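S.K.: Got a file for you: data.tsv, TSV, C-alpha atoms and all ligand atoms.
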chain	number	residue	atom	x	y	z
A	4	MET	CA	87.41	54.45	77.02
A	5	SER	CA	89.07	51.08	77.02
A	6	HIS	CA	91.10	51.56	80.17
A	7	THR	CA	91.96	54.21	82.71
A	8	VAL	CA	95.46	55.59	83.10
A	9	ALA	CA	96.72	56.88	86.45
A	10	PRO	CA	97.62	60.59	86.52
A	11	GLY	CA	101.27	61.31	85.71
A	12	PRO	CA	103.83	62.97	87.98
A	13	GLY	CA	103.03	66.32	89.60
A	14	PRO	CA	102.41	69.17	87.16
A	15	ALA	CA	104.16	71.86	89.22
A	16	HIS	CA	107.28	71.86	87.03
A	17	ARG	CA	105.33	72.34	83.79
A	18	ARG	CA	104.62	76.00	83.06
A	19	PRO	CA	101.11	76.37	81.65
A	20	LEU	CA	100.91	77.23	77.96
A	21	VAL	CA	97.92	79.01	76.43
A	22	ALA	CA	97.95	79.42	72.66
A	23	GLY	CA	95.41	81.42	70.67
A	24	ASN	CA	94.66	79.91	67.26
A	25	TRP	CA	93.21	82.77	65.22
A	26	LYS	CA	92.51	80.44	62.27
A	27	MET	CA	91.65	82.40	59.08
A	28	ASN	CA	90.83	85.63	60.91
A	29	GLY	CA	92.65	88.92	61.09
A	30	LEU	CA	93.28	91.55	58.44
A	31	ARG	CA	96.32	93.66	59.22
A	32	GLY	CA	94.53	96.38	61.20
A	33	GLU	CA	92.46	93.87	63.17
A	34	ALA	CA	95.50	91.76	64.00
A	35	VAL	CA	97.53	94.67	65.35
A	36	ALA	CA	94.53	95.99	67.31
A	37	LEU	CA	93.97	92.55	68.84
A	38	VAL	CA	97.60	92.24	69.95
A	39	LYS	CA	97.66	95.77	71.35
A	40	GLY	CA	94.42	95.10	73.24
A	41	LEU	CA	95.87	91.91	74.62
A	42	LEU	CA	99.04	93.65	75.78
A	43	ALA	CA	96.96	96.33	77.49
A	44	ALA	CA	94.76	93.73	79.20
A	45	LEU	CA	97.51	91.36	80.39
A	46	GLY	CA	99.83	92.20	83.26
A	47	ALA	CA	103.50	91.19	83.59
A	48	GLY	CA	102.46	88.80	86.37
A	49	ASP	CA	100.09	86.96	84.01
A	50	LEU	CA	102.88	86.45	81.48
A	51	GLU	CA	105.27	85.20	84.13
A	52	ARG	CA	102.81	82.60	85.35
A	53	VAL	CA	101.49	81.51	81.96
A	54	GLU	CA	103.29	81.18	78.63
A	55	VAL	CA	101.01	83.01	76.20
A	56	VAL	CA	101.25	82.53	72.43
A	57	VAL	CA	99.24	83.89	69.53
A	58	CYS	CA	99.00	82.07	66.19
A	59	PRO	CA	97.73	84.50	63.52
A	60	PRO	CA	97.42	83.73	59.80
A	61	PHE	CA	100.67	83.69	57.79
A	62	THR	CA	99.86	87.02	56.14
A	63	VAL	CA	100.10	89.04	59.36
A	64	LEU	CA	102.91	87.18	61.14
A	65	GLY	CA	105.44	89.93	60.34
A	66	GLU	CA	103.14	92.68	61.53
A	67	VAL	CA	102.22	90.83	64.73
A	68	ALA	CA	105.89	89.98	65.36
A	69	ARG	CA	106.72	93.70	65.38
A	70	ALA	CA	103.86	94.47	67.75
A	71	LEU	CA	105.01	91.67	70.11
A	72	GLU	CA	108.69	92.55	70.21
A	73	GLY	CA	110.03	92.47	73.76
A	74	THR	CA	106.60	91.79	75.29
A	75	GLY	CA	106.97	88.18	76.44
A	76	ILE	CA	104.05	86.96	74.30
A	77	GLY	CA	105.16	84.27	71.87
A	78	LEU	CA	104.38	84.05	68.17
A	79	GLY	CA	103.26	80.89	66.42
A	80	ALA	CA	102.13	79.85	62.94
A	81	GLN	CA	99.23	77.56	62.11
A	82	ASN	CA	101.16	75.15	59.89
A	83	VAL	CA	104.61	74.43	58.45
A	84	HIS	CA	105.80	72.45	55.46
A	85	TRP	CA	108.35	69.66	55.87
A	86	ALA	CA	110.73	70.91	53.17
A	87	ASP	CA	112.85	74.02	53.62
A	88	ARG	CA	112.16	75.25	50.09
A	89	GLY	CA	111.00	74.03	46.71
A	90	ALA	CA	108.06	73.43	44.40
A	91	PHE	CA	105.26	73.30	46.99
A	92	THR	CA	102.73	75.90	45.86
A	93	GLY	CA	100.83	77.48	48.73
A	94	GLU	CA	103.05	76.14	51.50
A	95	VAL	CA	105.27	77.93	54.03
A	96	SER	CA	108.55	76.51	55.38
A	97	GLY	CA	110.25	76.43	58.76
A	98	PRO	CA	113.02	78.90	57.80
A	99	MET	CA	110.34	81.34	56.57
A	100	LEU	CA	108.56	81.16	59.92
A	101	VAL	CA	111.78	81.52	61.90
A	102	GLU	CA	112.74	84.55	59.81
A	103	LEU	CA	109.39	86.17	60.69
A	104	GLY	CA	109.98	85.65	64.41
A	105	CYS	CA	107.89	82.55	65.10
A	106	SER	CA	108.85	80.23	67.95
A	107	TYR	CA	105.81	77.94	67.86
A	108	VAL	CA	103.74	76.18	65.23
A	109	ILE	CA	100.47	74.25	65.27
A	110	VAL	CA	100.70	70.92	63.46
A	111	GLY	CA	97.98	68.46	62.42
A	112	HIS	CA	94.99	70.59	63.46
A	113	SER	CA	91.73	68.72	62.84
A	114	GLU	CA	90.60	71.37	60.34
A	115	ARG	CA	93.72	70.56	58.29
A	116	ARG	CA	92.85	66.86	58.57
A	117	GLN	CA	89.12	67.34	57.76
A	118	PHE	CA	89.31	69.89	54.96
A	119	PHE	CA	92.82	69.70	53.49
A	120	GLY	CA	93.74	66.03	53.45
A	121	GLU	CA	96.27	66.19	56.27
A	122	THR	CA	97.15	62.69	57.53
A	123	ASP	CA	99.00	61.30	60.55
A	124	GLU	CA	101.98	60.87	58.23
A	125	THR	CA	102.01	64.46	56.91
A	126	ALA	CA	101.47	65.76	60.44
A	127	GLY	CA	104.55	63.76	61.41
A	128	ARG	CA	106.63	65.21	58.59
A	129	ARG	CA	105.57	68.74	59.56
A	130	LEU	CA	106.31	67.95	63.18
A	131	GLY	CA	109.82	66.82	62.22
A	132	ALA	CA	110.43	70.07	60.32
A	133	ALA	CA	109.25	72.16	63.27
A	134	LEU	CA	111.67	70.38	65.60
A	135	ARG	CA	114.49	70.68	63.07
A	136	HIS	CA	114.07	74.45	62.93
A	137	GLY	CA	113.78	74.92	66.69
A	138	LEU	CA	110.07	75.77	66.59
A	139	THR	CA	107.98	74.41	69.47
A	140	PRO	CA	105.32	72.29	67.79
A	141	ILE	CA	101.80	72.00	69.15
A	142	LEU	CA	100.66	68.67	67.71
A	143	CYS	CA	96.87	68.32	67.64
A	144	VAL	CA	95.13	65.00	68.14
A	145	GLY	CA	91.52	64.11	68.89
A	146	GLU	CA	88.58	61.91	68.03
A	147	THR	CA	85.31	62.61	66.22
A	148	TRP	CA	82.00	62.22	68.03
A	149	GLU	CA	81.35	58.94	66.21
A	150	GLU	CA	84.74	57.61	67.30
A	151	ARG	CA	84.02	58.59	70.90
A	152	GLU	CA	80.54	57.05	70.80
A	153	THR	CA	81.97	53.76	69.57
A	154	GLY	CA	84.65	53.64	72.27
A	155	ARG	CA	87.58	54.37	69.99
A	156	THR	CA	88.92	57.59	71.55
A	157	GLN	CA	92.14	56.10	72.89
A	158	ALA	CA	92.80	54.01	69.80
A	159	VAL	CA	92.42	57.06	67.52
A	160	VAL	CA	94.51	59.37	69.69
A	161	GLU	CA	97.20	56.70	70.07
A	162	ARG	CA	97.39	56.11	66.32
A	163	GLN	CA	97.59	59.86	65.56
A	164	LEU	CA	100.26	60.41	68.18
A	165	ARG	CA	102.43	57.35	67.54
A	166	THR	CA	102.45	57.79	63.77
A	167	ALA	CA	103.31	61.49	63.93
A	168	LEU	CA	106.05	60.91	66.51
A	169	GLU	CA	107.54	57.96	64.65
A	170	VAL	CA	107.67	59.88	61.38
A	171	ALA	CA	109.07	63.03	63.03
A	172	LEU	CA	111.62	61.29	65.19
A	173	ARG	CA	113.08	59.48	62.17
A	174	GLU	CA	114.60	62.81	61.23
A	175	GLU	CA	114.76	64.89	64.39
A	176	PRO	CA	114.68	64.20	68.13
A	177	GLY	CA	112.54	66.45	70.29
A	178	VAL	CA	109.46	66.74	72.42
A	179	PRO	CA	106.31	68.43	71.11
A	180	ALA	CA	103.52	69.99	73.09
A	181	VAL	CA	100.41	67.93	72.36
A	182	ALA	CA	96.92	69.42	72.21
A	183	TYR	CA	94.04	67.06	72.86
A	184	GLU	CA	91.26	68.55	70.76
A	185	PRO	CA	88.14	66.40	70.41
A	186	VAL	CA	86.79	67.28	66.95
A	187	TRP	CA	83.22	67.51	68.28
A	188	ALA	CA	84.25	70.11	70.87
A	189	ILE	CA	85.92	72.50	68.44
A	190	GLY	CA	83.83	75.59	67.74
A	191	SER	CA	80.71	73.81	69.02
A	192	GLY	CA	80.28	75.50	72.38
A	193	ARG	CA	80.23	71.97	73.78
A	194	PRO	CA	83.58	71.38	75.53
A	195	ALA	CA	84.71	68.05	76.94
A	196	SER	CA	84.41	67.70	80.71
A	197	GLY	CA	87.51	68.30	82.80
A	198	ALA	CA	87.48	64.63	83.78
A	199	ASP	CA	87.35	63.45	80.15
A	200	ALA	CA	90.17	65.84	79.20
A	201	GLN	CA	92.26	64.55	82.12
A	202	GLU	CA	91.65	60.94	81.16
A	203	VAL	CA	92.83	61.47	77.58
A	204	ALA	CA	95.69	63.80	78.62
A	205	ALA	CA	97.02	61.15	81.02
A	206	PHE	CA	96.70	58.58	78.26
A	207	ILE	CA	98.61	60.89	75.86
A	208	ARG	CA	101.35	61.23	78.48
A	209	SER	CA	101.55	57.45	78.80
A	210	VAL	CA	102.01	57.12	75.03
A	211	LEU	CA	104.65	59.88	75.12
A	212	ALA	CA	106.41	57.96	77.91
A	213	ASP	CA	106.40	54.81	75.82
A	214	VAL	CA	107.86	56.55	72.76
A	215	LEU	CA	110.10	59.21	74.34
A	216	GLY	CA	110.82	57.83	77.80
A	217	PRO	CA	109.27	58.80	81.14
A	218	GLU	CA	111.39	61.88	81.80
A	219	ARG	CA	110.64	63.61	78.54
A	220	ALA	CA	106.97	62.63	78.83
A	221	ALA	CA	106.83	64.16	82.31
A	222	ALA	CA	108.26	67.42	80.93
A	223	ALA	CA	105.96	67.59	77.86
A	224	ARG	CA	103.01	69.97	77.95
A	225	VAL	CA	99.64	68.42	77.14
A	226	LEU	CA	96.96	71.00	76.35
A	227	TYR	CA	93.21	70.75	75.97
A	228	GLY	CA	91.39	72.52	73.13
A	229	GLY	CA	87.74	72.75	72.07
A	230	SER	CA	85.34	75.52	73.15
A	231	VAL	CA	87.66	76.77	75.90
A	232	LYS	CA	86.52	80.09	77.42
A	233	ALA	CA	87.47	82.17	80.47
A	234	ASP	CA	84.69	80.55	82.48
A	235	ASN	CA	85.70	76.92	81.83
A	236	VAL	CA	89.50	77.00	81.35
A	237	ALA	CA	90.14	76.24	85.04
A	238	ASP	CA	88.12	73.00	84.70
A	239	PHE	CA	90.91	71.84	82.38
A	240	THR	CA	94.07	73.40	83.74
A	241	GLY	CA	93.10	72.31	87.24
A	242	GLN	CA	93.63	68.71	86.09
A	243	PRO	CA	97.02	67.15	86.87
A	244	ASP	CA	97.87	66.24	83.26
A	245	VAL	CA	96.40	69.27	81.45
A	246	ASP	CA	99.06	71.96	81.17
A	247	GLY	CA	97.21	74.63	79.25
A	248	ALA	CA	94.83	75.29	76.39
A	249	LEU	CA	94.65	75.76	72.65
A	250	VAL	CA	91.97	78.38	72.15
A	251	GLY	CA	90.17	79.27	68.91
A	252	GLY	CA	87.12	81.54	69.05
A	253	ALA	CA	87.85	82.98	72.49
A	254	SER	CA	91.32	84.12	71.39
A	255	LEU	CA	89.78	86.65	68.98
A	256	SER	CA	88.74	89.01	71.76
A	257	ALA	CA	91.56	90.76	73.62
A	258	GLU	CA	89.50	91.08	76.81
A	259	GLY	CA	88.16	87.53	76.58
A	260	PHE	CA	91.56	85.99	75.93
A	261	ALA	CA	93.22	88.00	78.72
A	262	ALA	CA	90.44	86.96	81.12
A	263	LEU	CA	90.97	83.36	80.07
A	264	VAL	CA	94.73	83.56	80.73
A	265	ARG	CA	94.03	84.96	84.20
A	266	GLN	CA	91.73	82.02	85.01
A	267	VAL	CA	94.41	79.41	84.24
A	268	CYS	CA	95.17	77.54	87.44
A	269	ARG	CA	97.65	74.84	88.27
A	301	LIG	P1	87.57	76.70	69.58
A	301	LIG	O1	88.75	76.13	68.63
A	301	LIG	O2	88.23	77.21	70.83
A	301	LIG	O3	86.93	77.78	68.77
A	301	LIG	O4	86.66	75.55	69.87
A	301	LIG	C1	89.83	75.43	69.17
A	301	LIG	C2	90.78	75.00	68.09
A	301	LIG	O5	90.34	74.69	66.98
A	301	LIG	O6	92.02	74.97	68.30
Before anything else, please render the file you have as structure tokens.
Ligand code: PGA
M.R.:
Amino acid sequence: MSHTVAPGPGPAHRRPLVAGNWKMNGLRGEAVALVKGLLAALGAGDLERVEVVVCPPFTVLGEVARALEGTGIGLGAQNVHWADRGAFTGEVSGPMLVELGCSYVIVGHSERRQFFGETDETAGRRLGAALRHGLTPILCVGETWEERETGRTQAVVERQLRTALEVALREEPGVPAVAYEPVWAIGSGRPASGADAQEVAAFIRSVLADVLGPERAAAARVLYGGSVKADNVADFTGQPDVDGALVGGASLSAEGFAALVRQVCR
């Protein structure tokens, strides 16, 4: 870390957000069973306290939307294209997601960056489209282990965040949720420490303040993601600048994900 950033303003006014990223998991029957299990395991009080979102694969969004109707659990997609329509084989647009009932979308996930050539620039264009269509974007940023070991965490996160925001804001104003997801912590069973997550989350908020102004930065949700489970989520959400979690593996079990939501503290 090159320098330390003081914690931002009190977190009490930011409602915690927990999003389950199912990745490429969930055939139709499994997806509906998972949502039904989650609804059975979560109480109304949990959903009042914590904003809960599930992000299934595109193929089951319609099915999951029907199962979630009127429940208070939000629906998100795992990606969105920047154009509304056109010759973009394999892509899915904002209007398509809105029509299916999505209110959230993950943008710039490190697996998209690692395996599918996503860049800061394309993440920014997708971010702009999400804002344009009224979807709440969850923009993912985070360093590799090598970048952390060589002291470049803040530089990498700042570049990812500034580029995406600059590209997006050229076409559409708005405030994304930002998920700090160190690449080395994703799916590894080796989460960051609460203190490390807080340090980067506060830094992210300072960059947001610089680009968007202090008020919008104070209202933005900054999440942590990477090997979050029921038994460690409070280490993160107990931090002043960490307003929730983006959860992969642990969101695939209804009981596990519900237990995790119940452990979220502020
Ligand atoms: P994980 O994934 O919880 O399985 O580490 C997090 C993510 O990729 O968003």
S.K.: Rounded to one decimal place, report the atom CA of Phe239 of chain A-atom CA of Glu161 of chain A distance in Å.
M.R.: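 These two atoms are separated by 20.5 Å.
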S.K.: Quick one: distance from atom CA of Gln157 of chain A to atom CA of Cys143 of chain A in Å, one decimal?
M.R.: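 Atom CA of Gln157 of chain A sits 14.1 Å away from atom CA of Cys143 of chain A.
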S.K.: List as a PyMOL selection string the protein and nucleic acid residues lying within 8 Å of ligand LIG 301 (chain A), with all atoms listed in the file counted.
M.R.: chain A and resi 23-24+26+112-114+184+188-192+194+228-232+249-254
S.K.: Pick from A:Glu54, A:Asp49, A:Glu202, A:Glu121: nearest to Val83 of chain A, with all atoms listed in the file counted?
M.R.: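 Going through A:Glu54, A:Asp49, A:Glu202, A:Glu121 one by one, the smallest distance to Val83 of chain A is for A:Glu121.
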S.K.: Between A:Trp148, A:Trp85, A:Trp25, A:Phe61, which has the minimum distance to Leu134 of chain A (counting only C-alpha atoms)?
M.R.: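 Residue with the minimum atom-to-atom distance to Leu134 of chain A: A:Trp85.
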S.K.: Go through A:Val21, A:Ala36, A:Met27, A:Val214 and flag the residue nearest Val57 of chain A, using all atoms listed in the file for the distances.
M.R.: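 Ranked by minimum distance to Val57 of chain A, first place goes to A:Val21.
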S.K.: For a test of reading the model, state the distance in Å between atom CA of Gln201 of chain A and atom CA of Pro243 of chain A, rounded to one decimal.
M.R.: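 Distance between the two atoms: 7.2 Å.
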S.K.: Between A:Val245, A:Ala15, A:Ala70, A:Val210, which is the closest to Leu41 of chain A once you count only C-alpha atoms?
M.R.: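 Nearest candidate to Leu41 of chain A out of A:Val245, A:Ala15, A:Ala70, A:Val210: A:Ala70.
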S.K.: Every residue with an atom at most 8 Å from (104.6, 84.9, 66.8) (file coordinates; all atoms listed in the file) is what I'm after, so could you write them as a list in words?
M.R.: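 The requested residues, written out, are Val56, Val57, Cys58, Pro59, Leu64, Val67, Ala68, Leu71, Ile76, Gly77, Leu78, Gly79, Ala80, Leu103, Gly104, Cys105, Ser106 and Tyr107 of chain A.
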S.K.: From the list A:Glu169, A:Asp246, A:Asp199, A:Glu72, which residue is nearest Leu211 of chain A when using all atoms listed in the file?
M.R.: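 Closest to Leu211 of chain A, using all atoms listed in the file: A:Glu169.
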S.K.: Around (109.7, 60.5, 67.2) in the file's own coordinates, what residues are found within 10 Å if you use only C-alpha atoms, given back as a list in words?
M.R.: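 The requested residues, written out, are Gly127, Leu130, Gly131, Leu164, Arg165, Thr166, Ala167, Leu168, Glu169, Val170, Ala171, Leu172, Arg173, Glu174, Glu175, Pro176, Gly177, Val178, Pro179, Leu211, Val214 and Leu215 of chain A.
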S.K.: I'd like a table as CSV: residues in segment 134-204 of chain A with an atom no more than 12 Å from segment 93-97 of chain A, each row giving the shortest atom pair and its distance in Å to one decimal, only C-alpha atoms counted, sorted by chain and rising residue number.
M.R.:
residue,atom,partner,partner_atom,distance
A:Leu134,CA,A:Gly97,CA,9.2
A:Arg135,CA,A:Gly97,CA,8.3
A:His136,CA,A:Gly97,CA,6.0
A:Gly137,CA,A:Gly97,CA,8.8
A:Leu138,CA,A:Gly97,CA,7.9
A:Thr139,CA,A:Gly97,CA,11.1
A:Pro140,CA,A:Gly97,CA,11.1
S.K.: Please provide the set of residues having any atom within 10 Å of Gly197 of chain A, restricted to only C-alpha atoms, with same-chain residues fewer than 5 positions apart removed, written as a ChimeraX atom specification.
M.R.: /A:202,227,235-242,245
S.K.: Which residue out of A:Ala44, A:Val203, A:Val144, A:Leu255 has the minimum interatomic distance to Asp123 of chain A when only C-alpha atoms are used?
M.R.: A:Val144
